[in-house]
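Below is model.cif, holding mmCIF, C-alpha atoms and all ligand atoms.
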data_input
#
loop_
_atom_site.label_atom_id
_atom_site.label_comp_id
_atom_site.auth_asym_id
_atom_site.auth_seq_id
_atom_site.Cartn_x
_atom_site.Cartn_y
_atom_site.Cartn_z
CA MET A 297 8.33 -8.89 20.83
CA ILE A 298 12.09 -8.39 20.87
CA VAL A 299 14.31 -10.69 22.89
CA LYS A 300 17.80 -9.43 23.59
CA ILE A 301 20.40 -12.01 24.56
CA LYS A 302 23.00 -11.37 27.24
CA LYS A 303 26.50 -10.61 26.05
CA GLY A 304 28.60 -13.80 26.00
CA ALA A 305 25.58 -16.06 26.62
CA ASN A 306 26.00 -19.78 26.17
CA GLN A 307 24.83 -20.80 22.67
CA ALA A 308 23.19 -24.00 23.95
CA ASP A 309 21.02 -21.87 26.23
CA VAL A 310 20.09 -19.63 23.32
CA ASN A 311 19.15 -22.64 21.21
CA ARG A 312 16.96 -23.96 24.03
CA LEU A 313 15.20 -20.60 24.21
CA LEU A 314 14.62 -20.55 20.45
CA GLU A 315 13.23 -24.09 20.47
CA HIS A 316 10.90 -23.07 23.28
CA LEU A 317 9.63 -20.07 21.30
CA LYS A 318 9.20 -22.08 18.11
CA GLY A 319 7.31 -24.71 20.12
CA LEU A 320 4.88 -21.96 21.11
CA GLY A 321 4.24 -21.34 17.42
CA PHE A 322 6.22 -18.11 17.05
CA ASP A 323 8.31 -17.09 14.02
CA ILE A 324 11.85 -16.05 14.86
CA HIS A 325 13.88 -13.38 13.06
CA SER A 326 17.46 -12.88 14.12
CA SER A 327 19.74 -9.93 13.99
CA PHE A 328 23.31 -9.85 15.20
CA GLY A 329 25.03 -6.67 16.30
CA GLU A 330 28.75 -6.45 17.05
CA SER A 331 28.36 -7.53 20.64
CA TYR A 332 24.76 -8.65 20.97
CA GLN A 333 22.16 -10.96 19.52
CA VAL A 334 18.56 -9.87 19.17
CA TYR A 335 15.60 -12.00 18.15
CA GLY A 336 12.37 -10.65 16.76
CA VAL A 337 9.56 -12.96 17.79
CA VAL A 338 6.37 -12.70 15.76
CA GLY A 339 3.04 -14.41 16.22
CA ASN A 340 0.08 -14.11 18.49
CA THR A 341 1.92 -12.82 21.53
CA ALA A 342 -1.12 -11.00 22.96
CA GLY A 343 -1.84 -13.47 25.74
CA PHE A 344 1.79 -14.42 26.28
CA ASP A 345 3.45 -13.44 29.55
CA ILE A 346 6.76 -12.04 28.37
CA ARG A 347 8.20 -12.19 31.91
CA SER A 348 8.23 -15.99 31.62
CA LEU A 349 11.19 -15.69 29.25
CA TYR A 350 13.39 -14.29 32.01
CA GLY A 351 13.44 -17.88 33.29
CA HIS A 352 16.00 -18.49 30.52
CA ARG A 353 19.36 -17.36 31.83
CA CYS A 354 20.56 -16.16 28.40
CA VAL A 355 17.80 -13.54 28.21
CA ASP A 356 18.85 -9.96 28.86
CA SER A 357 15.57 -8.20 28.11
CA VAL A 358 12.21 -8.73 26.45
CA ILE A 359 10.14 -5.88 25.06
CA ARG A 360 6.87 -5.81 23.25
CA ILE A 361 6.72 -4.11 19.86
CA GLN A 362 4.18 -1.34 20.23
CA GLU A 363 3.36 -1.01 16.53
CA PRO A 364 0.71 -3.39 15.13
CA PHE A 365 3.00 -4.27 12.19
CA LYS A 366 5.64 -6.81 13.10
CA LYS A 367 7.29 -8.53 10.11
CA VAL A 368 7.36 -5.21 8.29
CA ASN A 369 8.91 -3.51 11.32
CA ARG A 370 12.55 -2.44 11.34
CA LYS A 371 12.71 -3.45 14.98
CA ILE A 372 12.31 -7.07 13.85
CA LYS A 373 14.81 -6.80 10.99
CA SER A 374 17.29 -3.98 11.16
CA GLU A 375 18.90 -4.40 7.73
CA ASP A 376 17.20 -3.12 4.55
CA THR A 377 15.25 -5.69 2.56
CA ILE A 378 16.43 -5.97 -1.01
CA VAL A 379 13.91 -7.48 -3.40
CA ASP A 380 15.60 -9.29 -6.26
CA VAL A 381 13.68 -9.20 -9.53
CA ASN A 382 15.55 -11.35 -12.07
CA GLY A 383 18.85 -9.98 -10.79
CA ILE A 384 17.63 -6.37 -10.48
CA LYS A 385 17.90 -5.38 -6.86
CA ILE A 386 15.26 -3.05 -5.44
CA GLY A 387 16.15 -1.49 -2.11
CA GLY A 388 19.93 -1.35 -2.47
CA LYS A 389 22.41 1.26 -3.66
CA GLU A 390 20.88 1.51 -7.10
CA ILE A 391 17.74 3.48 -7.85
CA ILE A 392 15.50 1.36 -10.06
CA ILE A 393 13.30 3.05 -12.62
CA MET A 394 10.14 1.36 -13.86
CA ALA A 395 8.46 2.96 -16.85
CA GLY A 396 5.90 2.27 -19.55
CA PRO A 397 2.37 3.06 -20.57
CA CYS A 398 -0.59 3.30 -18.23
CA SER A 399 -2.47 0.74 -20.34
CA VAL A 400 -1.31 -1.89 -22.77
CA GLU A 401 -2.95 -0.96 -26.07
CA SER A 402 -1.18 -3.11 -28.67
CA TYR A 403 2.08 -4.98 -29.24
CA GLU A 404 3.44 -2.11 -31.36
CA GLN A 405 2.61 0.50 -28.72
CA VAL A 406 4.34 -1.43 -25.93
CA ASP A 407 7.28 -2.21 -28.19
CA ILE A 408 7.88 1.46 -29.12
CA ILE A 409 7.63 2.62 -25.52
CA ALA A 410 9.71 -0.23 -24.07
CA LYS A 411 12.53 0.43 -26.54
CA ALA A 412 12.56 4.13 -25.67
CA VAL A 413 12.47 3.74 -21.89
CA LYS A 414 15.09 0.99 -21.97
CA GLU A 415 17.42 3.23 -23.98
CA ALA A 416 16.90 6.00 -21.44
CA GLY A 417 17.88 3.66 -18.58
CA ALA A 418 14.64 2.21 -17.20
CA LYS A 419 15.15 -1.31 -15.89
CA ILE A 420 11.58 -2.54 -15.49
CA LEU A 421 8.64 -2.23 -17.90
CA ARG A 422 5.26 -1.22 -16.55
CA GLY A 423 1.89 -1.58 -18.26
CA GLY A 424 -1.68 -2.20 -17.17
CA ALA A 425 -3.57 -5.09 -18.76
CA PHE A 426 -6.38 -5.07 -16.18
CA LYS A 427 -7.37 -1.47 -15.46
CA PRO A 428 -9.18 -0.33 -12.33
CA ARG A 429 -11.32 2.45 -13.84
CA THR A 430 -13.68 4.68 -11.93
CA SER A 431 -16.17 4.48 -14.79
CA PRO A 432 -17.41 1.15 -16.12
CA TYR A 433 -17.53 2.81 -19.56
CA ALA A 434 -13.82 3.68 -19.54
CA TYR A 435 -11.20 1.44 -21.14
CA GLN A 436 -10.88 -1.70 -18.99
CA GLY A 437 -7.67 -3.14 -20.45
CA MET A 438 -6.70 -6.00 -22.78
CA GLY A 439 -6.70 -8.63 -20.04
CA ILE A 440 -4.58 -11.77 -20.52
CA GLU A 441 -3.72 -10.73 -24.10
CA GLY A 442 -2.15 -7.61 -22.63
CA LEU A 443 -0.10 -9.65 -20.17
CA LYS A 444 1.22 -11.77 -23.04
CA ILE A 445 2.22 -8.64 -24.95
CA LEU A 446 4.06 -7.31 -21.91
CA HIS A 447 5.77 -10.63 -21.44
CA ASP A 448 6.89 -10.84 -25.08
CA VAL A 449 8.13 -7.26 -25.25
CA GLY A 450 9.80 -7.59 -21.85
CA SER A 451 11.68 -10.67 -23.09
CA LYS A 452 12.71 -8.83 -26.26
CA TYR A 453 14.29 -5.97 -24.30
CA ASP A 454 15.34 -8.04 -21.30
CA MET A 455 13.11 -6.05 -18.98
CA PRO A 456 11.10 -7.58 -16.13
CA ILE A 457 7.40 -6.67 -16.11
CA VAL A 458 5.27 -5.01 -13.46
CA SER A 459 1.50 -5.10 -13.97
CA GLU A 460 -1.58 -4.73 -11.83
CA LEU A 461 -3.60 -7.68 -10.55
CA MET A 462 -7.16 -6.97 -9.41
CA ASP A 463 -8.68 -10.42 -9.04
CA LYS A 464 -7.31 -13.51 -7.35
CA ASP A 465 -8.69 -15.68 -10.15
CA TYR A 466 -5.85 -14.42 -12.36
CA ILE A 467 -2.97 -15.07 -9.97
CA ASP A 468 -1.68 -18.05 -11.97
CA ASP A 469 -1.60 -15.97 -15.17
CA PHE A 470 0.33 -13.24 -13.38
CA ILE A 471 2.78 -15.78 -11.97
CA LYS A 472 3.37 -16.93 -15.54
CA TYR A 473 3.65 -13.61 -17.37
CA VAL A 474 4.65 -10.98 -14.84
CA ASP A 475 7.75 -10.44 -12.67
CA ILE A 476 6.27 -8.02 -10.13
CA ILE A 477 2.58 -8.10 -9.24
CA GLN A 478 1.22 -4.61 -8.64
CA ILE A 479 -1.60 -4.16 -6.16
CA GLY A 480 -3.21 -0.85 -6.95
CA ALA A 481 -4.35 1.88 -4.61
CA ARG A 482 -7.96 0.69 -4.84
CA ASN A 483 -7.09 -2.84 -3.73
CA MET A 484 -4.65 -2.01 -0.96
CA GLN A 485 -7.12 -3.27 1.61
CA ASN A 486 -8.53 -6.17 -0.37
CA PHE A 487 -7.52 -8.53 2.42
CA ALA A 488 -8.68 -11.69 0.63
CA LEU A 489 -6.36 -10.81 -2.26
CA LEU A 490 -3.48 -9.89 0.08
CA LYS A 491 -3.80 -13.26 1.81
CA GLU A 492 -3.49 -15.04 -1.52
CA LEU A 493 -0.38 -13.02 -2.36
CA GLY A 494 1.15 -14.17 0.92
CA LYS A 495 1.12 -17.72 -0.40
CA ILE A 496 3.12 -17.09 -3.57
CA ASP A 497 6.77 -16.46 -4.27
CA LYS A 498 6.58 -13.32 -6.45
CA PRO A 499 7.58 -9.74 -5.67
CA ILE A 500 4.57 -7.56 -4.88
CA LEU A 501 4.43 -3.82 -5.53
CA LEU A 502 1.95 -2.60 -2.94
CA LYS A 503 0.58 0.85 -3.66
CA ARG A 504 -0.72 3.03 -0.88
CA GLY A 505 -4.46 3.60 -1.01
CA PHE A 506 -5.31 7.23 -1.67
CA SER A 507 -7.21 7.51 1.62
CA ASN A 508 -5.02 5.30 3.75
CA THR A 509 -2.61 6.14 6.52
CA ILE A 510 0.96 4.93 6.44
CA GLU A 511 0.15 2.50 9.24
CA GLU A 512 -2.77 0.99 7.30
CA TRP A 513 -0.48 0.63 4.29
CA LEU A 514 2.15 -1.14 6.39
CA MET A 515 -0.55 -3.41 7.84
CA SER A 516 -1.49 -4.43 4.29
CA ALA A 517 2.17 -5.29 3.68
CA GLU A 518 2.02 -7.24 6.95
CA TYR A 519 -0.83 -9.35 5.51
CA ILE A 520 1.37 -10.41 2.61
CA MET A 521 4.41 -11.04 4.79
CA ALA A 522 2.40 -12.86 7.46
CA GLY A 523 1.39 -15.35 4.76
CA GLY A 524 5.05 -16.04 4.00
CA ASN A 525 5.84 -13.79 1.03
CA GLU A 526 8.52 -11.37 2.17
CA LYS A 527 9.14 -9.79 -1.26
CA VAL A 528 7.15 -6.63 -0.76
CA ILE A 529 7.96 -3.27 -2.36
CA LEU A 530 5.94 -0.30 -1.12
CA CYS A 531 4.80 2.38 -3.57
CA GLU A 532 3.55 5.84 -2.63
CA ARG A 533 1.32 7.25 -5.39
CA GLY A 534 -0.26 10.30 -3.83
CA ILE A 535 -3.15 10.69 -1.45
CA ARG A 536 -6.43 12.53 -1.78
CA THR A 537 -6.44 15.98 -0.23
CA PHE A 538 -8.40 19.22 -0.71
CA GLU A 539 -5.90 20.39 -3.38
CA PRO A 540 -7.31 20.41 -6.93
CA TYR A 541 -4.15 21.57 -8.75
CA THR A 542 -2.92 18.00 -8.68
CA ARG A 543 -4.80 14.70 -9.13
CA ASN A 544 -3.49 13.63 -5.71
CA THR A 545 -0.96 15.07 -3.28
CA LEU A 546 2.38 13.30 -3.32
CA ASP A 547 3.19 12.47 0.28
CA ILE A 548 6.94 12.53 0.02
CA SER A 549 7.32 12.24 3.76
CA THR A 550 6.41 8.57 3.38
CA VAL A 551 9.96 7.91 2.20
CA PRO A 552 11.85 8.88 5.37
CA ILE A 553 9.02 7.59 7.57
CA VAL A 554 8.88 4.18 5.90
CA LYS A 555 12.68 3.98 5.92
CA LYS A 556 12.65 4.63 9.64
CA VAL A 557 9.92 2.25 10.72
CA SER A 558 10.28 -0.49 8.12
CA HIS A 559 13.04 -2.38 6.31
CA LEU A 560 11.01 -2.68 3.08
CA PRO A 561 11.97 -0.80 -0.10
CA VAL A 562 9.80 2.16 -1.03
CA ILE A 563 9.35 3.64 -4.48
CA ILE A 564 7.39 6.63 -5.73
CA ASP A 565 4.82 6.91 -8.52
CA PRO A 566 4.86 10.60 -9.45
CA SER A 567 2.50 10.03 -12.41
CA HIS A 568 -0.62 9.10 -10.44
CA ALA A 569 0.29 11.60 -7.74
CA ALA A 570 0.54 14.58 -10.09
CA GLY A 571 -1.88 13.66 -12.84
CA LYS A 572 -0.03 16.17 -15.05
CA TRP A 573 3.02 15.41 -17.15
CA ASP A 574 4.73 18.74 -16.48
CA LEU A 575 5.02 18.00 -12.74
CA ILE A 576 6.60 14.57 -13.13
CA GLU A 577 10.21 15.72 -13.38
CA SER A 578 10.17 17.81 -10.18
CA LEU A 579 8.40 15.13 -8.19
CA SER A 580 10.78 12.45 -9.48
CA LEU A 581 13.88 14.42 -8.55
CA ALA A 582 12.46 15.24 -5.14
CA SER A 583 11.65 11.57 -4.55
CA ILE A 584 15.20 10.50 -5.30
CA ALA A 585 16.57 13.25 -3.08
CA ALA A 586 14.27 12.06 -0.27
CA GLY A 587 15.77 8.56 -0.46
CA ALA A 588 13.27 6.60 -2.56
CA ASP A 589 14.54 3.26 -3.88
CA GLY A 590 12.99 3.80 -7.28
CA LEU A 591 10.29 5.39 -9.39
CA ILE A 592 7.44 4.11 -11.54
CA ILE A 593 6.62 6.53 -14.33
CA GLU A 594 4.04 6.51 -17.11
CA VAL A 595 5.46 7.09 -20.58
CA HIS A 596 3.61 7.17 -23.91
CA HIS A 597 4.90 8.04 -27.39
CA GLU A 598 1.50 9.55 -28.31
CA PRO A 599 -0.01 10.70 -25.02
CA GLU A 600 -2.81 12.57 -26.77
CA LYS A 601 -4.03 9.22 -28.16
CA ALA A 602 -3.43 7.15 -24.99
CA PHE A 603 -6.33 4.92 -23.90
CA SER A 604 -5.79 6.09 -20.29
CA ASP A 605 -3.80 8.67 -18.33
CA GLY A 606 -2.40 10.51 -21.35
CA ALA A 607 -2.39 13.80 -19.43
CA GLN A 608 0.17 12.48 -16.97
CA SER A 609 2.29 10.48 -19.42
CA LEU A 610 5.71 11.70 -20.44
CA LYS A 611 6.88 11.52 -24.03
CA PRO A 612 10.05 9.45 -24.47
CA LYS A 613 12.24 12.54 -25.01
CA LYS A 614 11.03 14.15 -21.77
CA PHE A 615 11.58 10.86 -19.97
CA HIS A 616 15.11 10.73 -21.34
CA ASN A 617 15.83 14.24 -20.06
CA LEU A 618 14.38 13.36 -16.67
CA MET A 619 16.69 10.34 -16.44
CA ASN A 620 19.74 12.52 -17.04
CA LYS A 621 18.76 14.91 -14.25
CA ALA A 622 17.81 11.99 -12.01
CA ARG A 623 21.34 10.59 -12.35
CA ALA A 624 22.80 13.82 -11.01
CA VAL A 625 20.44 13.85 -8.02
CA ALA A 626 21.12 10.15 -7.36
CA ALA A 627 24.86 10.85 -7.28
CA ALA A 628 24.28 13.73 -4.85
CA VAL A 629 22.61 11.35 -2.38
CA ASN A 630 25.27 8.69 -2.91
CA LYS A 631 23.10 6.35 -4.97
CA GLN A 632 23.59 4.86 -8.41
CA LEU A 633 21.31 5.19 -11.38
C1 LIG B 701 -1.70 2.38 -12.39
O1 LIG B 701 -0.54 2.22 -11.98
O2 LIG B 701 -1.99 2.37 -13.59
C2 LIG B 701 -2.76 2.65 -11.41
C3 LIG B 701 -4.04 2.51 -11.73
O3 LIG B 701 -2.29 3.09 -10.23
P1 LIG B 701 -3.03 3.44 -8.84
O4 LIG B 701 -3.50 2.13 -8.28
O5 LIG B 701 -1.94 4.05 -8.04
O6 LIG B 701 -4.14 4.39 -9.14
MN MN B 702 -2.34 5.13 -14.99
#
Kindly transcribe the structure held in the file into structure tokens.
Ligand code: PEP
Ligand code: MN
Amino acid sequence: MIVKIKKGANQADVNRLLEHLKGLGFDIHSSFGESYQVYGVVGNTAGFDIRSLYGHRCVDSVIRIQEPFKKVNRKIKSEDTIVDVNGIKIGGKEIIIMAGPCSVESYEQVDIIAKAVKEAGAKILRGGAFKPRTSPYAYQGMGIEGLKILHDVGSKYDMPIVSELMDKDYIDDFIKYVDIIQIGARNMQNFALLKELGKIDKPILLKRGFSNTIEEWLMSAEYIMAGGNEKVILCERGIRTFEPYTRNTLDISTVPIVKKVSHLPVIIDPSHAAGKWDLIESLSLASIAAGADGLIIEVHHEPEKAFSDGAQSLKPKKFHNLMNKARAVAAAVNKQL
């Protein structure tokens, strides 16, 4: 619920109100406008009689938040959340590009790709060490060895690492080797995993499930935030529709919708949306124009030999060209890149 304080209210009264709410077990989020104070009150308010708060003379109004997501809700926190990843700020003025191979294949492969994407202007290195494959016979990833490679190459080029975690048993390894933990589309509603992520202090890149609504996606973010981890970055990666020309359909409307209803940063993965390398540039430029806070793009120096997702991977030169065009679009929407 949202509690609005009367203009010019006595601060001691406000403090008494806040103590009362905390005593009831609620979490309080504050936001100060030019002439008003508003508190977002989160917790199990279902059985709570909101009219009781009018007994506090500092209270101007109390309204329930209709949406099921609370901590994620912009009504609770009006200012944009900026997730700081080793000094790189996601959700601010600068558009942050994450790039790298779909799968980690070897130290040399990650090294070649990291060097190229860094030179082109990517800030964060992506790479999958644990791969969620539809077929059990497809390449499953290098596992911990792959995380170590990412970590070493990331340190060499001063790039933070984003990589996908599928199993809570590996959380400690990810805390050690990775800077952003990616939760893939297939695990968006793995609630046991989300609860564990709520307990740690690491940025989480939460992909939208390919058959999930925006509200379900935000509720998954709510799971992480409800546990205490507020460093959540949302990632739209395309949803499943009837359209076979693309692997998925990029739902670009998520960007303005998420920006309206939530304060969390939102980035776009055009690679898994398109499934085809020749669509990546258009979708990337459109995403930036729509107001995305960043992109995560698959790049491979030899896509024809890639262990996974070669068809949607850009070669370094194409990625470089995309970055140049992306800078122009970023400038047009008053962002930096
Ligand atoms: C990936 O990023 O490599 C990946 C498997 O993504 P998604 O979960 O979006 O399919
Ligand atoms: Mn991939």
Closest-contact table, chain A side, partner ligand MN 702 (chain B), 12 Å, counting only C-alpha atoms and all ligand atoms, as a Markdown table:
| residue | atom | partner | partner_atom | distance |
| --- | --- | --- | --- | --- |
| A:Ala395 | CA | B:MN702 | MN | 11.2 |
| A:Gly396 | CA | B:MN702 | MN | 9.8 |
| A:Pro397 | CA | B:MN702 | MN | 7.6 |
| A:Cys398 | CA | B:MN702 | MN | 4.1 |
| A:Ser399 | CA | B:MN702 | MN | 6.9 |
| A:Val400 | CA | B:MN702 | MN | 10.5 |
| A:Arg422 | CA | B:MN702 | MN | 10.0 |
| A:Gly423 | CA | B:MN702 | MN | 8.6 |
| A:Gly424 | CA | B:MN702 | MN | 7.7 |
| A:Ala425 | CA | B:MN702 | MN | 11.0 |
| A:Phe426 | CA | B:MN702 | MN | 11.0 |
| A:Lys427 | CA | B:MN702 | MN | 8.3 |
| A:Pro428 | CA | B:MN702 | MN | 9.1 |
| A:Arg429 | CA | B:MN702 | MN | 9.4 |
| A:Thr430 | CA | B:MN702 | MN | 11.8 |
| A:Tyr435 | CA | B:MN702 | MN | 11.4 |
| A:Gln436 | CA | B:MN702 | MN | 11.6 |
| A:Gly437 | CA | B:MN702 | MN | 11.3 |
| A:Ser459 | CA | B:MN702 | MN | 11.0 |
| A:Glu460 | CA | B:MN702 | MN | 10.4 |
| A:Gly480 | CA | B:MN702 | MN | 10.1 |
| A:Ala481 | CA | B:MN702 | MN | 11.1 |
| A:Arg533 | CA | B:MN702 | MN | 10.5 |
| A:Arg543 | CA | B:MN702 | MN | 11.5 |
| A:Asp565 | CA | B:MN702 | MN | 9.8 |
| A:Pro566 | CA | B:MN702 | MN | 10.6 |
| A:Ser567 | CA | B:MN702 | MN | 7.4 |
| A:His568 | CA | B:MN702 | MN | 6.3 |
| A:Ala569 | CA | B:MN702 | MN | 10.1 |
| A:Ala570 | CA | B:MN702 | MN | 11.0 |
| A:Gly571 | CA | B:MN702 | MN | 8.8 |
| A:Lys572 | CA | B:MN702 | MN | 11.3 |
| A:Trp573 | CA | B:MN702 | MN | 11.8 |
| A:Ile592 | CA | B:MN702 | MN | 10.4 |
| A:Ile593 | CA | B:MN702 | MN | 9.1 |
| A:Glu594 | CA | B:MN702 | MN | 6.9 |
| A:Val595 | CA | B:MN702 | MN | 9.8 |
| A:His596 | CA | B:MN702 | MN | 10.9 |
| A:Pro599 | CA | B:MN702 | MN | 11.7 |
| A:Ala602 | CA | B:MN702 | MN | 10.3 |
| A:Phe603 | CA | B:MN702 | MN | 9.8 |
| A:Ser604 | CA | B:MN702 | MN | 6.4 |
| A:Asp605 | CA | B:MN702 | MN | 5.1 |
| A:Gly606 | CA | B:MN702 | MN | 8.3 |
| A:Ala607 | CA | B:MN702 | MN | 9.7 |
| A:Gln608 | CA | B:MN702 | MN | 8.0 |
| A:Ser609 | CA | B:MN702 | MN | 8.3 |
| A:Leu610 | CA | B:MN702 | MN | 11.7 |
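The two atoms in question, CA of Glu532 in chain A and CA of Leu546 in chain A, are spaced 7.6 Å apart.
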Please list as a PDB file with C-alpha atoms, keeping the file's coordinate frame every residue within 10 Å of range 613-630 of chain A, counting all atoms listed in the file and excluding residues in the same chain fewer than 5 positions away.
ATOM      1  CA  LYS A 389      22.410   1.260  -3.660  1.00  0.00           C
ATOM      2  CA  GLU A 390      20.880   1.510  -7.100  1.00  0.00           C
ATOM      3  CA  ILE A 391      17.740   3.480  -7.850  1.00  0.00           C
ATOM      4  CA  ILE A 393      13.300   3.050 -12.620  1.00  0.00           C
ATOM      5  CA  ALA A 395       8.460   2.960 -16.850  1.00  0.00           C
ATOM      6  CA  ALA A 412      12.560   4.130 -25.670  1.00  0.00           C
ATOM      7  CA  VAL A 413      12.470   3.740 -21.890  1.00  0.00           C
ATOM      8  CA  LYS A 414      15.090   0.990 -21.970  1.00  0.00           C
ATOM      9  CA  GLU A 415      17.420   3.230 -23.980  1.00  0.00           C
ATOM     10  CA  ALA A 416      16.900   6.000 -21.440  1.00  0.00           C
ATOM     11  CA  GLY A 417      17.880   3.660 -18.580  1.00  0.00           C
ATOM     12  CA  ALA A 418      14.640   2.210 -17.200  1.00  0.00           C
ATOM     13  CA  TRP A 573       3.020  15.410 -17.150  1.00  0.00           C
ATOM     14  CA  ASP A 574       4.730  18.740 -16.480  1.00  0.00           C
ATOM     15  CA  ILE A 576       6.600  14.570 -13.130  1.00  0.00           C
ATOM     16  CA  GLU A 577      10.210  15.720 -13.380  1.00  0.00           C
ATOM     17  CA  SER A 578      10.170  17.810 -10.180  1.00  0.00           C
ATOM     18  CA  SER A 580      10.780  12.450  -9.480  1.00  0.00           C
ATOM     19  CA  LEU A 581      13.880  14.420  -8.550  1.00  0.00           C
ATOM     20  CA  ALA A 582      12.460  15.240  -5.140  1.00  0.00           C
ATOM     21  CA  SER A 583      11.650  11.570  -4.550  1.00  0.00           C
ATOM     22  CA  ILE A 584      15.200  10.500  -5.300  1.00  0.00           C
ATOM     23  CA  ALA A 585      16.570  13.250  -3.080  1.00  0.00           C
ATOM     24  CA  ALA A 586      14.270  12.060  -0.270  1.00  0.00           C
ATOM     25  CA  GLY A 587      15.770   8.560  -0.460  1.00  0.00           C
ATOM     26  CA  ALA A 588      13.270   6.600  -2.560  1.00  0.00           C
ATOM     27  CA  ILE A 593       6.620   6.530 -14.330  1.00  0.00           C
ATOM     28  CA  GLU A 594       4.040   6.510 -17.110  1.00  0.00           C
ATOM     29  CA  VAL A 595       5.460   7.090 -20.580  1.00  0.00           C
ATOM     30  CA  HIS A 596       3.610   7.170 -23.910  1.00  0.00           C
ATOM     31  CA  HIS A 597       4.900   8.040 -27.390  1.00  0.00           C
TER      32      HIS A 597
END
**Q.** Between CA of Leu493 in chain A and CA of Gly523 in chain A, distance in Å (one decimal)
**A.**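 Taking CA of Leu493 in chain A as the start and CA of Gly523 in chain A as the end point, the length is 7.7 Å.
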Q. What gap, in Å, lies between CA of Lys498 in chain A and CA of Ile361 in chain A?
A.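 If I compute the distance from CA of Lys498 in chain A to CA of Ile361 in chain A, I get 27.9 Å.
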Q.
Excluding Ile384 in chain A and its own-chain neighbours fewer than 2 positions away, which residues fall within 9 Å of it when counting all atoms listed in the file? Please give them as a list in words.
A.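 Non-adjacent residues within range: Val379, Asp380, Val381, Asn382, Ile386, Ile392, Lys419, Ile420 and Pro456 of chain A.
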Q. Pick from A:Gly505, A:Gly387, A:Pro540, A:Gly590: nearest to ligand LIG 701 (chain B), with all atoms listed in the file counted?
A.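 Once distances to ligand LIG 701 (chain B) are computed over all atoms listed in the file, the minimum belongs to A:Gly505.
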Q. What residues have an atom no more than 9 Å from (6.4, -8.1, 9.5) in the file's own frame, counting all atoms listed in the file, and can you write them as a list of chain:residue names?
A.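 Residues with an atom close enough to that point: A:Val338, A:Phe365, A:Lys366, A:Lys367, A:Val368, A:Asn369, A:Arg370, A:Ile372, A:Lys373, A:Leu514, A:Met515, A:Ala517, A:Glu518, A:Tyr519, A:Ile520, A:Met521, A:Ala522, A:Glu526, A:Ser558.
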Residues just named, written with C-alpha atoms as a compact mmCIF listing (two decimals), in the coordinates of the input:
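This went into result_8.txt:
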# COMPACT_ATOMS: atom_id res chain seq x y z
CA VAL A 338 6.37 -12.70 15.76
CA PHE A 365 3.00 -4.27 12.19
CA LYS A 366 5.64 -6.81 13.10
CA LYS A 367 7.29 -8.53 10.11
CA VAL A 368 7.36 -5.21 8.29
CA ASN A 369 8.91 -3.51 11.32
CA ARG A 370 12.55 -2.44 11.34
CA ILE A 372 12.31 -7.07 13.85
CA LYS A 373 14.81 -6.80 10.99
CA LEU A 514 2.15 -1.14 6.39
CA MET A 515 -0.55 -3.41 7.84
CA ALA A 517 2.17 -5.29 3.68
CA GLU A 518 2.02 -7.24 6.95
CA TYR A 519 -0.83 -9.35 5.51
CA ILE A 520 1.37 -10.41 2.61
CA MET A 521 4.41 -11.04 4.79
CA ALA A 522 2.40 -12.86 7.46
CA GLU A 526 8.52 -11.37 2.17
CA SER A 558 10.28 -0.49 8.12
Q. Which is closer to ligand LIG 701 (chain B) than all the others in A:Ala308, A:Tyr466, A:Ile440, A:Leu461, using only C-alpha atoms and all ligand atoms?
A. A:Leu461
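The shortest atom-to-atom distance to His447 in chain A, with all atoms listed in the file taken into account, belongs to A:Tyr403 out of A:Tyr403, A:Phe538, A:Phe487, A:Tyr433.
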Q | Nearest-residue call for ligand LIG 701 (chain B), choices A:Ile477, A:Ile548, A:Val554, A:Val334, using all atoms listed in the file | A | A:Ile477
Q: Find the residues around Cys531 in chain A up to 8 Å (all atoms listed in the file counted), leave out those fewer than 3 positions away in its own chain, and share them as number ranges by chain.
A: A: 501-504, 562-565
Q: Find the spatial neighbours of Arg353 in chain A, counting all atoms listed in the file, within a cut-off of 10 Å - ignore same-chain residues fewer than 3 positions away - and output them as a list in words.
A: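 Everything that qualifies: Ile301, Lys302, Ala305, Asn306, Asp309, Val310, Leu313, Leu349, Tyr350 and Asp356 of chain A.
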Q. Can you find the residues with an atom no farther than 12 Å from (-8.1, 5.9, 3.3), counting all atoms listed in the file, and report them as a list in words?
A.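 The answer, in the requested form, is Ala481, Arg482, Asn483, Met484, Gln485, Arg504, Gly505, Phe506, Ser507, Asn508, Thr509, Ile510, Glu511, Glu512, Trp513, Gly534, Ile535, Arg536 and Thr537 of chain A.
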